[in-house]
file final.txt (compact mmCIF, C-alpha atoms)
# COMPACT_ATOMS: atom_id res chain seq x y z
CA MET A 3 140.91 143.13 27.78
CA ILE A 4 142.98 143.88 30.86
CA ILE A 5 144.95 141.17 32.64
CA GLY A 6 146.04 142.52 35.98
CA ASN A 7 146.26 142.51 39.75
CA GLY A 8 149.16 140.09 39.92
CA ARG A 9 152.94 139.73 39.84
CA LEU A 10 153.80 140.62 36.25
CA TYR A 11 156.93 139.09 34.72
CA THR A 12 157.32 140.42 31.18
CA ASN A 13 160.58 138.81 29.94
CA ASP A 14 161.33 142.30 28.61
CA PRO A 15 164.80 143.37 29.83
CA ASP A 16 163.74 147.02 29.70
CA ASN A 17 160.75 146.48 32.00
CA LEU A 18 161.26 143.08 33.56
CA TYR A 19 158.92 142.96 36.55
CA ILE A 20 156.02 144.88 38.07
CA GLU A 21 154.89 143.79 41.53
CA ASN A 22 151.23 144.62 40.97
CA GLY A 23 151.11 144.87 37.21
CA ALA A 24 148.65 144.78 34.36
CA VAL A 25 148.55 144.32 30.60
CA TYR A 26 146.10 146.02 28.26
CA ILE A 27 145.33 143.96 25.15
CA GLU A 28 143.75 145.08 21.90
CA GLY A 29 143.44 143.32 18.55
CA GLY A 30 145.49 140.31 19.63
CA LEU A 31 148.46 142.48 20.64
CA VAL A 32 149.80 143.97 23.84
CA LYS A 33 149.02 147.70 23.80
CA GLU A 34 150.22 148.83 27.21
CA VAL A 35 152.02 147.47 30.26
CA GLY A 36 152.05 149.15 33.65
CA LYS A 37 150.82 149.21 37.21
CA PHE A 38 147.40 147.69 37.74
CA GLU A 39 145.81 150.78 39.24
CA ASP A 40 147.05 152.96 36.36
CA ILE A 41 145.90 150.60 33.58
CA LYS A 42 142.54 150.01 35.23
CA ALA A 43 141.96 153.75 35.63
CA LYS A 44 142.92 154.43 32.03
CA TYR A 45 140.63 151.73 30.59
CA PRO A 46 137.72 151.56 33.07
CA ASN A 47 135.24 149.88 30.70
CA GLU A 48 137.44 147.04 29.48
CA GLU A 49 136.89 143.39 30.38
CA LEU A 50 139.13 142.49 33.33
CA LEU A 51 140.82 139.15 33.90
CA ASP A 52 141.66 139.50 37.59
CA ALA A 53 144.82 137.55 38.38
CA ASP A 54 144.07 137.93 42.10
CA GLY A 55 147.74 137.96 43.07
CA ARG A 56 148.78 135.18 40.69
CA LEU A 57 151.84 135.35 38.48
CA ILE A 58 151.23 136.89 35.04
CA MET A 59 153.81 135.91 32.40
CA PRO A 60 154.26 135.17 28.68
CA GLY A 61 152.93 131.86 27.42
CA MET A 62 155.43 129.04 26.99
CA ILE A 63 156.59 127.77 23.59
CA ASN A 64 157.21 124.15 22.59
CA ALA A 65 159.63 124.07 19.65
CA HIS A 66 159.14 120.39 18.72
CA THR A 67 156.53 117.75 19.45
CA HIS A 68 154.47 114.99 17.80
CA ILE A 69 150.69 115.19 17.96
CA TYR A 70 150.39 111.71 16.43
CA SER A 71 151.89 110.04 19.52
CA SER A 72 148.96 110.86 21.81
CA TYR A 73 147.53 107.33 21.96
CA ALA A 74 150.83 105.90 23.23
CA ARG A 75 150.38 106.91 26.87
CA GLY A 76 149.95 103.73 28.94
CA MET A 77 150.13 101.50 25.85
CA SER A 78 152.01 98.17 25.85
CA VAL A 79 153.86 96.89 22.78
CA ASP A 80 154.79 93.21 22.60
CA LYS A 81 157.66 93.78 20.20
CA PRO A 82 161.34 94.34 21.04
CA GLN A 83 162.56 97.86 21.76
CA ARG A 84 166.21 97.14 22.47
CA ASP A 85 167.59 100.18 20.66
CA PHE A 86 166.35 103.38 19.07
CA ASN A 87 165.70 101.85 15.66
CA GLU A 88 163.55 99.12 17.19
CA ILE A 89 161.66 101.76 19.18
CA LEU A 90 160.93 103.58 15.93
CA GLU A 91 159.94 100.48 13.97
CA ASN A 92 157.97 98.62 16.63
CA LEU A 93 156.35 101.52 18.45
CA TRP A 94 156.11 104.80 16.55
CA TRP A 95 156.02 103.56 12.95
CA ASN A 96 153.68 100.81 14.07
CA LEU A 97 151.33 103.36 15.68
CA ASP A 98 151.33 106.03 12.98
CA LYS A 99 150.22 103.51 10.31
CA LYS A 100 147.02 102.87 12.24
CA LEU A 101 145.88 106.48 12.59
CA THR A 102 142.83 107.67 10.67
CA LEU A 103 141.91 111.31 10.11
CA LYS A 104 139.53 111.01 13.07
CA ASP A 105 142.38 109.77 15.25
CA THR A 106 144.55 112.64 14.05
CA GLU A 107 141.77 115.07 14.96
CA LEU A 108 141.44 113.64 18.46
CA ASN A 109 145.22 113.57 18.89
CA ALA A 110 145.34 117.24 17.96
CA TYR A 111 142.62 118.12 20.45
CA THR A 112 144.25 116.27 23.34
CA THR A 113 147.77 117.51 22.58
CA TYR A 114 146.70 121.12 22.27
CA MET A 115 144.46 120.98 25.33
CA GLU A 116 147.17 119.46 27.50
CA SER A 117 149.69 121.97 26.18
CA ILE A 118 147.40 124.86 27.09
CA ARG A 119 146.68 123.36 30.51
CA ASN A 120 150.45 123.45 31.08
CA GLY A 121 150.79 127.07 30.01
CA THR A 122 152.01 126.46 26.45
CA THR A 123 150.53 128.86 23.90
CA THR A 124 152.64 127.97 20.82
CA VAL A 125 153.29 124.44 19.54
CA ILE A 126 155.56 123.45 16.65
CA ASP A 127 154.48 119.99 15.48
CA HIS A 128 155.90 117.24 13.25
CA HIS A 129 153.11 114.90 12.11
CA ALA A 130 152.83 111.37 10.67
CA SER A 131 149.83 109.20 9.68
CA PRO A 132 151.03 107.56 6.44
CA TYR A 133 147.88 105.65 5.50
CA HIS A 134 145.78 108.78 6.00
CA THR A 135 148.13 111.51 4.83
CA GLU A 136 145.87 113.60 2.64
CA GLY A 137 144.15 116.32 4.63
CA SER A 138 145.88 115.43 7.90
CA LEU A 139 147.58 118.81 8.37
CA PHE A 140 144.36 120.60 7.44
CA LYS A 141 142.48 118.54 10.03
CA ILE A 142 144.99 119.51 12.72
CA ALA A 143 144.71 123.14 11.66
CA GLU A 144 140.92 123.00 12.03
CA VAL A 145 141.38 121.86 15.62
CA ALA A 146 143.97 124.57 16.29
CA LYS A 147 141.50 127.19 15.06
CA LYS A 148 138.69 125.83 17.23
CA ILE A 149 140.88 125.79 20.32
CA GLY A 150 142.68 129.04 19.48
CA ILE A 151 146.29 127.92 19.85
CA ARG A 152 149.24 129.22 17.83
CA THR A 153 150.93 126.43 15.87
CA SER A 154 153.37 125.45 13.11
CA LEU A 155 152.57 122.21 11.27
CA CYS A 156 154.37 119.90 8.88
CA TYR A 157 154.18 116.30 7.64
CA GLU A 158 157.27 114.11 8.12
CA VAL A 159 158.12 112.81 4.64
CA SER A 160 159.92 109.47 4.52
CA ASP A 161 160.44 106.52 2.16
CA ARG A 162 159.40 103.89 4.70
CA ASP A 163 155.87 103.31 3.34
CA GLY A 164 156.53 103.32 -0.40
CA GLU A 165 156.89 105.89 -3.17
CA GLU A 166 153.18 106.54 -3.65
CA ILE A 167 152.74 107.51 0.01
CA THR A 168 155.95 109.54 -0.08
CA ASP A 169 154.53 111.57 -2.96
CA GLN A 170 151.30 112.11 -0.99
CA GLN A 171 153.33 113.37 1.96
CA ILE A 172 155.25 115.83 -0.19
CA LYS A 173 151.99 117.11 -1.63
CA GLU A 174 150.39 117.47 1.81
CA ASN A 175 153.29 119.65 2.98
CA VAL A 176 153.20 121.85 -0.10
CA ASP A 177 149.42 122.20 -0.18
CA PHE A 178 149.37 123.18 3.48
CA ILE A 179 152.23 125.67 3.19
CA LYS A 180 150.49 127.33 0.24
CA ALA A 181 147.15 127.45 2.05
CA TYR A 182 148.58 129.35 5.02
CA GLN A 183 151.38 131.29 3.35
CA GLY A 184 151.19 134.98 2.66
CA ASP A 185 148.01 135.70 4.60
CA ASP A 186 147.84 138.27 7.35
CA GLN A 187 147.55 135.84 10.26
CA SER A 188 150.36 134.36 12.33
CA MET A 189 148.40 131.73 14.23
CA ILE A 190 148.98 128.82 11.83
CA LYS A 191 151.80 128.29 9.33
CA GLY A 192 153.34 125.36 7.50
CA LEU A 193 156.85 123.96 7.23
CA PHE A 194 158.06 121.14 5.00
CA GLY A 195 158.58 118.10 7.20
CA LEU A 196 161.17 115.38 6.64
CA HIS A 197 161.61 112.46 8.99
CA ALA A 198 165.38 111.93 9.08
CA SER A 199 168.34 111.41 6.78
CA PHE A 200 168.24 107.61 6.93
CA THR A 201 164.58 107.47 5.81
CA VAL A 202 164.78 109.94 2.90
CA SER A 203 166.68 109.06 -0.28
CA ASP A 204 168.31 111.56 -2.61
CA LYS A 205 165.42 110.94 -4.99
CA THR A 206 162.94 112.00 -2.30
CA LEU A 207 165.02 115.03 -1.37
CA GLU A 208 165.17 116.05 -5.01
CA LYS A 209 161.38 115.82 -5.25
CA SER A 210 160.97 117.75 -2.02
CA VAL A 211 163.30 120.58 -2.95
CA LYS A 212 161.66 120.89 -6.36
CA ALA A 213 158.21 121.02 -4.76
CA MET A 214 159.37 123.76 -2.39
CA GLN A 215 160.57 126.10 -5.13
CA GLY A 216 158.98 129.51 -4.77
CA LEU A 217 157.62 128.85 -1.29
CA ASP A 218 158.74 131.09 1.56
CA SER A 219 159.12 128.33 4.13
CA GLY A 220 161.68 126.05 5.72
CA TYR A 221 162.21 122.40 6.63
CA HIS A 222 161.54 120.62 9.93
CA VAL A 223 163.67 117.48 10.29
CA HIS A 224 165.27 115.17 12.86
CA VAL A 225 169.06 115.48 12.65
CA ALA A 226 171.45 112.81 13.97
CA GLU A 227 169.08 111.77 16.75
CA GLY A 228 170.48 108.23 16.80
CA ILE A 229 174.02 107.16 15.97
CA LYS A 230 172.77 104.78 13.24
CA ASP A 231 171.30 107.73 11.37
CA GLN A 232 174.74 109.35 11.22
CA MET A 233 176.47 106.08 10.30
CA HIS A 234 173.96 105.43 7.52
CA CYS A 235 174.55 108.86 6.06
CA VAL A 236 178.32 108.50 6.02
CA GLN A 237 178.20 104.99 4.58
CA THR A 238 175.52 105.77 1.97
CA TYR A 239 176.25 109.35 0.92
CA GLY A 240 179.89 109.84 1.88
CA ARG A 241 179.23 112.77 4.17
CA ARG A 242 177.62 113.61 7.48
CA ILE A 243 173.95 114.49 7.92
CA VAL A 244 174.26 118.25 8.28
CA GLU A 245 176.62 118.34 5.29
CA ARG A 246 174.11 116.36 3.26
CA PHE A 247 171.22 118.63 4.22
CA TYR A 248 173.36 121.70 3.50
CA ASP A 249 174.16 120.39 0.03
CA TRP A 250 170.44 120.03 -0.65
CA GLY A 251 169.71 123.57 0.55
CA LEU A 252 167.54 122.48 3.48
CA LEU A 253 169.10 124.71 6.14
CA GLY A 254 168.32 128.32 7.01
CA LYS A 255 166.48 130.78 9.21
CA LYS A 256 163.08 129.10 8.81
CA SER A 257 164.32 125.53 9.14
CA LEU A 258 164.43 123.40 12.29
CA ALA A 259 167.20 120.87 12.90
CA VAL A 260 165.88 118.75 15.77
CA HIS A 261 168.00 116.79 18.28
CA CYS A 262 171.52 117.10 16.74
CA VAL A 263 172.78 114.53 19.26
CA HIS A 264 175.50 112.97 17.11
CA THR A 265 176.79 116.09 15.37
CA ASN A 266 180.43 117.16 15.26
CA ILE A 267 181.97 120.63 15.39
CA ARG A 268 181.96 121.07 11.60
CA GLU A 269 178.24 120.27 11.48
CA LEU A 270 177.54 122.71 14.30
CA GLU A 271 179.46 125.39 12.43
CA ILE A 272 177.32 124.80 9.35
CA LEU A 273 174.11 125.05 11.39
CA ARG A 274 175.34 128.26 12.99
CA ASP A 275 176.57 129.85 9.78
CA THR A 276 173.30 129.06 7.95
CA ASP A 277 171.30 130.60 10.83
CA THR A 278 169.38 127.33 11.24
CA ASN A 279 167.14 126.86 14.28
CA CYS A 280 168.05 123.85 16.41
CA VAL A 281 165.88 122.14 19.04
CA HIS A 282 166.93 120.13 22.09
CA ASN A 283 164.58 117.47 23.54
CA PRO A 284 166.27 116.25 26.74
CA GLU A 285 163.67 113.84 28.14
CA SER A 286 163.11 112.09 24.82
CA ASN A 287 166.85 111.68 24.22
CA MET A 288 167.28 110.15 27.67
CA GLY A 289 164.22 107.93 27.29
CA ASN A 290 165.39 106.59 23.93
CA ALA A 291 168.97 106.25 25.20
CA VAL A 292 170.35 107.96 22.10
CA GLY A 293 172.83 110.22 23.87
CA CYS A 294 173.07 113.85 24.91
CA THR A 295 172.79 116.81 22.55
CA PRO A 296 175.93 119.01 22.90
CA ALA A 297 173.70 121.86 24.03
CA ILE A 298 176.27 123.69 26.14
CA LYS A 299 178.77 123.70 23.26
CA MET A 300 176.09 124.75 20.79
CA ILE A 301 175.15 127.79 22.83
CA GLU A 302 178.82 128.65 23.42
CA MET A 303 179.29 128.59 19.64
CA GLY A 304 176.37 130.93 19.08
CA LEU A 305 173.81 128.52 17.66
CA ARG A 306 170.12 129.31 18.15
CA LEU A 307 169.16 126.28 20.23
CA GLY A 308 165.60 126.02 21.50
CA LEU A 309 163.75 123.55 23.67
CA GLY A 310 161.09 121.00 22.78
CA THR A 311 159.53 117.91 24.30
CA ASP A 312 159.32 115.44 21.37
CA ALA A 313 155.90 114.59 22.93
CA TYR A 314 157.56 113.07 26.01
CA THR A 315 155.60 115.69 27.95
CA HIS A 316 153.55 118.78 27.16
CA ASP A 317 154.93 120.69 30.12
CA MET A 318 157.79 122.98 29.14
CA PHE A 319 158.67 123.59 32.80
CA GLU A 320 159.33 119.86 33.09
CA SER A 321 161.50 119.92 29.98
CA MET A 322 163.49 122.82 31.45
CA LYS A 323 164.10 120.99 34.72
CA VAL A 324 165.52 117.96 32.90
CA ALA A 325 167.60 120.05 30.49
CA ASN A 326 169.30 121.76 33.44
CA ILE A 327 170.33 118.61 35.29
CA LEU A 328 171.08 116.49 32.21
CA HIS A 329 173.98 118.66 31.13
CA ARG A 330 175.37 119.04 34.62
CA HIS A 331 175.34 115.28 34.96
CA HIS A 332 176.67 114.62 31.46
CA LEU A 333 179.56 117.06 31.77
CA CYS A 334 180.16 116.42 35.49
CA ASN A 335 180.00 120.17 35.94
CA PRO A 336 177.49 121.82 38.33
CA THR A 337 178.21 125.28 36.88
CA VAL A 338 176.51 124.63 33.53
CA GLY A 339 172.93 124.05 32.46
CA PHE A 340 170.98 126.74 34.28
CA MET A 341 171.47 129.81 32.08
CA GLU A 342 171.68 127.70 28.94
CA THR A 343 168.26 126.19 29.72
CA MET A 344 166.77 129.61 30.38
CA THR A 345 168.25 130.87 27.12
CA MET A 346 166.69 127.97 25.21
CA GLN A 347 163.19 128.56 26.54
CA PHE A 348 162.92 132.28 27.18
CA VAL A 349 165.25 133.73 24.52
CA ASN A 350 165.61 131.28 21.64
CA ASN A 351 162.20 129.59 21.56
CA PRO A 352 160.43 132.91 20.96
CA ILE A 353 162.79 133.73 18.10
CA ILE A 354 162.38 130.26 16.57
CA ALA A 355 158.60 130.51 16.74
CA GLN A 356 158.64 134.00 15.25
CA ASN A 357 160.87 132.78 12.41
CA VAL A 358 158.54 129.94 11.39
CA LEU A 359 155.23 131.73 12.06
CA ASP A 360 156.09 135.20 10.73
CA SER A 361 154.50 136.47 13.93
CA PRO A 362 154.78 139.53 16.13
CA GLN A 363 157.18 139.12 19.04
CA LEU A 364 156.41 136.06 21.14
CA GLY A 365 157.47 135.09 24.64
CA ILE A 366 157.48 138.68 25.84
CA ILE A 367 154.97 141.15 27.25
CA LYS A 368 155.60 144.56 25.75
CA GLU A 369 153.83 146.94 23.42
CA GLY A 370 153.34 145.39 19.98
CA ALA A 371 154.01 141.81 21.10
CA ALA A 372 151.52 139.01 20.58
CA ALA A 373 149.05 138.80 23.45
CA ASP A 374 149.89 135.21 24.45
CA ILE A 375 149.76 135.43 28.23
CA ILE A 376 149.20 133.02 31.12
CA THR A 377 148.54 133.34 34.83
CA MET A 378 149.93 130.82 37.29
CA GLU A 379 148.83 129.89 40.79
CA TYR A 380 152.36 130.30 42.08
CA ASN A 381 152.68 131.55 45.64
CA PRO A 382 156.43 131.75 46.29
CA ILE A 383 157.76 130.89 49.73
CA THR A 384 160.86 133.04 49.12
CA PRO A 385 161.35 136.59 47.75
CA PHE A 386 160.30 136.93 44.11
CA SER A 387 161.48 139.48 41.55
CA GLY A 388 162.48 139.85 37.94
CA ASP A 389 166.09 139.18 38.91
CA ASN A 390 165.36 135.73 40.35
CA PHE A 391 162.45 134.69 38.11
CA TYR A 392 164.60 132.05 36.39
CA GLY A 393 165.30 130.34 39.70
CA HIS A 394 161.61 130.28 40.55
CA ALA A 395 160.69 129.06 37.07
CA LEU A 396 163.12 126.16 37.24
CA PHE A 397 162.82 125.09 40.86
CA GLY A 398 159.32 126.21 41.86
CA MET A 399 156.99 126.22 38.89
CA THR A 400 155.28 123.48 36.99
CA GLY A 401 152.86 123.64 34.09
CA ARG A 402 149.96 122.37 36.18
CA LEU A 403 150.00 125.66 38.11
CA THR A 404 148.53 127.36 35.03
CA ASN A 405 145.21 129.02 35.88
CA ASP A 406 144.30 131.21 32.89
CA VAL A 407 145.49 131.28 29.28
CA VAL A 408 145.04 134.05 26.74
CA ILE A 409 146.24 133.48 23.16
CA ASN A 410 146.16 136.16 20.47
CA GLY A 411 144.15 138.28 22.89
CA LYS A 412 141.42 135.66 23.35
CA LEU A 413 140.63 133.95 26.66
CA ILE A 414 141.08 130.21 26.09
CA LEU A 415 141.37 128.81 29.64
CA LYS A 416 139.77 130.47 32.67
CA ASP A 417 140.16 129.12 36.18
CA ARG A 418 141.61 125.93 34.65
CA LYS A 419 138.53 125.30 32.52
CA PHE A 420 138.30 125.69 28.75
CA VAL A 421 135.99 128.50 27.76
CA GLU A 422 134.64 127.04 24.50
CA ILE A 423 135.79 123.40 24.39
CA ASP A 424 134.01 120.41 25.94
CA GLU A 425 137.09 118.75 27.37
CA GLU A 426 135.32 115.75 28.90
CA GLU A 427 133.66 114.81 25.62
CA ILE A 428 136.96 114.97 23.73
CA VAL A 429 138.83 112.95 26.35
CA ALA A 430 136.12 110.28 26.31
CA LYS A 431 136.32 109.99 22.52
CA SER A 432 140.12 109.81 22.70
CA ARG A 433 139.93 106.92 25.16
CA GLU A 434 137.63 105.10 22.75
CA GLY A 435 139.99 105.74 19.84
CA ALA A 436 143.04 104.54 21.74
CA ALA A 437 141.24 101.45 23.00
CA ALA A 438 140.41 100.51 19.41
CA ILE A 439 144.03 100.81 18.26
CA TRP A 440 145.89 99.27 21.21
CA PRO A 441 144.96 95.62 20.42
CA LYS A 442 146.42 96.09 16.92
CA MET A 443 149.85 97.06 18.25
call {"tool": "encode", "arguments": {"input": "final.txt", "output": "structure tokens"}}
result
Amino acid sequence: MIIGNGRLYTNDPDNLYIENGAVYIEGGLVKEVGKFEDIKAKYPNEELLDADGRLIMPGMINAHTHIYSSYARGMSVDKPQRDFNEILENLWWNLDKKLTLKDTELNAYTTYMESIRNGTTTVIDHHASPYHTEGSLFKIAEVAKKIGIRTSLCYEVSDRDGEEITDQQIKENVDFIKAYQGDDQSMIKGLFGLHASFTVSDKTLEKSVKAMQGLDSGYHVHVAEGIKDQMHCVQTYGRRIVERFYDWGLLGKKSLAVHCVHTNIRELEILRDTDTNCVHNPESNMGNAVGCTPAIKMIEMGLRLGLGTDAYTHDMFESMKVANILHRHHLCNPTVGFMETMTMQFVNNPIIAQNVLDSPQLGIIKEGAAADIITMEYNPITPFSGDNFYGHALFGMTGRLTNDVVINGKLILKDRKFVEIDEEEIVAKSREGAAAIWPKM
């Protein structure tokens, strides 16, 4: 396939921008990048996706979200949500208990479809459906295969629903990791999910670490999202959350420490020195009123901090916009936020995704990189180049401008319509599923 006849932004510092560029794709990888007329002349018989002047760029990456939260949009809950713990108990833990495998399947479809519609080609998810744990990750993976999206999956182990369910959750993680480990594909991989320090006992961590022995994978866990999580850890275990997780051997290059709102300098040093991936979710943190991740400090210290949405949105452009202004506002400093946000999305997210998926290079259009590419109906009203792409991405673009999506060299979305998926049928079924659950909330 050739994708060409548009403004090509590659995110490759050695070949950043081609005014009328093209990409030649073969076997799920980028084979050649150049001027449209040259690529077209060299491969005259290849299928052509004509960008017709649109922007061609790497697909976006979401480093943390929750498929299971899909039914919550527009839902009312008649229980108090006065702080973060009440939000968890009365909204999210109330919802996840009611999800069946069919609900999980529909949630996966709608999350992945909306992600793709917003230009996201890789999703790292953290799932929960405690009364229907067994097979839940495999069900999500089936949907990912049918849609064609690249994804990392895990189940969030916790003690909140009893030991029998906790053991099922541990098994689901391990079974899934084994099923997708060591094969020659990089579209779907497993991590070992943990909810958070205050919902996993030492007994559960011991079981989890033992179950992970011999598996080449990492952990995906919320870290110090709310202040009560940190307080609980200090009061119960005599040390802070990152110290506790370090002692259990949970940190490292394939692990994700999500949020890190209430971490101190020592904890950040541990995360940095263990090469652990961290993920910032600005809109979710603001919405839950838990505080502000020290993102600027983390990047200054050399931590690999990426960007997620925590399911607040599926539009990474929206998450970037909020990340930029949040830290300016929080630090009362208009000189911070911009480059740090761009680093999170366009530098660190690709590395994080590559680490957990064992994939070719992501988030870049160059020879040998994964062919995850989008076109956007973005017609700039000011000069556009590789040098000012970041400014256009932050202040001009939005996910809904996505026109075409190619993942692993396969056309998934063309002219804003899914090529192989009946979107209307899935949305209708999702509305029915949500309507059945809402009265139970």
call {"tool": "atom_distance", "arguments": {"input": "final.txt", "atom1": "atom CA of Ser199 of chain A", "atom2": "atom CA of Tyr182 of chain A"}}
result
26.7 Å
call {"tool": "residues_around", "arguments": {"input": "final.txt", "residues": "Thr377 of chain A", "least_positions_apart": "4", "cutoff": "10 Å", "atoms": "all atoms listed in the file", "output": "short mmCIF file (atom, residue, chain, number, x, y, z; two decimals) with C-alpha atoms, in the frame of the given file"}}
result
data_model
loop_
_atom_site.label_atom_id
_atom_site.label_comp_id
_atom_site.auth_asym_id
_atom_site.auth_seq_id
_atom_site.Cartn_x
_atom_site.Cartn_y
_atom_site.Cartn_z
CA ILE A 5 144.95 141.17 32.64
CA GLY A 6 146.04 142.52 35.98
CA GLY A 8 149.16 140.09 39.92
CA ARG A 9 152.94 139.73 39.84
CA LEU A 10 153.80 140.62 36.25
CA LEU A 51 140.82 139.15 33.90
CA ASP A 52 141.66 139.50 37.59
CA ALA A 53 144.82 137.55 38.38
CA ASP A 54 144.07 137.93 42.10
CA GLY A 55 147.74 137.96 43.07
CA ARG A 56 148.78 135.18 40.69
CA LEU A 57 151.84 135.35 38.48
CA ILE A 58 151.23 136.89 35.04
CA MET A 59 153.81 135.91 32.40
CA PRO A 60 154.26 135.17 28.68
CA GLY A 61 152.93 131.86 27.42
CA GLY A 121 150.79 127.07 30.01
CA LEU A 403 150.00 125.66 38.11
CA THR A 404 148.53 127.36 35.03
CA ASN A 405 145.21 129.02 35.88
CA ASP A 406 144.30 131.21 32.89
CA VAL A 407 145.49 131.28 29.28
CA VAL A 408 145.04 134.05 26.74
CA LEU A 415 141.37 128.81 29.64
CA LYS A 416 139.77 130.47 32.67
CA ASP A 417 140.16 129.12 36.18
#
call {"tool": "axis_aligned_box", "arguments": {"input": "final.txt", "around": "segment 136-149 of chain A", "padding_each_side": "8 Å", "output": "lines of an AutoDock Vina configuration file"}}
result
center_x = 143.1
center_y = 120.4
center_z = 11.5
size_x = 24.9
size_y = 29.6
size_z = 33.7
call {"tool": "atom_distance", "arguments": {"input": "final.txt", "atom1": "atom CA of Ile41 of chain A", "atom2": "atom CA of Ala372 of chain A"}}
result
18.3 Å
call {"tool": "residues_around", "arguments": {"input": "final.txt", "residues": "Asn357 of chain A", "least_positions_apart": "6", "cutoff": "9 Å", "atoms": "only C-alpha atoms", "output": "PDB file with C-alpha atoms, in the coordinates of the input"}}
result
ATOM      1  CA  LYS A 255     166.480 130.780   9.210  1.00  0.00           C
ATOM      2  CA  LYS A 256     163.080 129.100   8.810  1.00  0.00           C
ATOM      3  CA  SER A 257     164.320 125.530   9.140  1.00  0.00           C
ATOM      4  CA  ASN A 279     167.140 126.860  14.280  1.00  0.00           C
TER       5      ASN A 279
END
call {"tool": "atom_distance", "arguments": {"input": "final.txt", "atom1": "atom CA of Asp161 of chain A", "atom2": "atom CA of Val244 of chain A"}}
result
19.1 Å
call {"tool": "closest_residue", "arguments": {"input": "final.txt", "among": "A:Thr295, A:Gln356, A:Ser361, A:Gln187", "to": "Leu307 of chain A", "atoms": "all atoms listed in the file"}}
result
A:Thr295
call {"tool": "residues_around", "arguments": {"input": "final.txt", "residues": "Leu103 of chain A", "least_positions_apart": "2", "cutoff": "12 Å", "atoms": "only C-alpha atoms", "output": "ChimeraX atom specification"}}
result
/A:70,98-101,105-110,129-142,144-145,435
call {"tool": "decode", "arguments": {"input": "final.txt", "residues": "segment 322-333 of chain A", "atoms": "N, CA and C atoms", "output": "short mmCIF file (atom, residue, chain, number, x, y, z; two decimals), in the first residue's frame"}}
result
data_model
loop_
_atom_site.label_atom_id
_atom_site.label_comp_id
_atom_site.auth_asym_id
_atom_site.auth_seq_id
_atom_site.Cartn_x
_atom_site.Cartn_y
_atom_site.Cartn_z
N MET A 322 -3.54 16.01 25.53
CA MET A 322 -2.37 16.89 25.41
C MET A 322 -2.73 18.33 25.75
N LYS A 323 -3.85 18.80 25.25
CA LYS A 323 -4.23 20.19 25.51
C LYS A 323 -4.34 20.46 27.01
N VAL A 324 -4.96 19.51 27.73
CA VAL A 324 -5.15 19.70 29.17
C VAL A 324 -3.82 19.56 29.91
N ALA A 325 -2.98 18.63 29.49
CA ALA A 325 -1.68 18.47 30.14
C ALA A 325 -0.87 19.77 30.06
N ASN A 326 -0.91 20.41 28.92
CA ASN A 326 -0.15 21.66 28.74
C ASN A 326 -0.61 22.74 29.71
N ILE A 327 -1.91 22.99 29.78
CA ILE A 327 -2.37 24.12 30.59
C ILE A 327 -2.43 23.77 32.08
N LEU A 328 -2.64 22.49 32.41
CA LEU A 328 -2.68 22.10 33.82
C LEU A 328 -1.39 22.49 34.54
N HIS A 329 -0.26 22.19 33.94
CA HIS A 329 1.00 22.42 34.64
C HIS A 329 1.40 23.89 34.64
N ARG A 330 1.01 24.62 33.63
CA ARG A 330 1.20 26.07 33.67
C ARG A 330 0.41 26.68 34.82
N HIS A 331 -0.85 26.24 34.92
CA HIS A 331 -1.72 26.76 35.98
C HIS A 331 -1.21 26.33 37.35
N HIS A 332 -0.87 25.06 37.49
CA HIS A 332 -0.47 24.51 38.79
C HIS A 332 0.81 25.17 39.29
N LEU A 333 1.76 25.40 38.40
CA LEU A 333 3.04 25.98 38.80
C LEU A 333 3.09 27.50 38.64
#
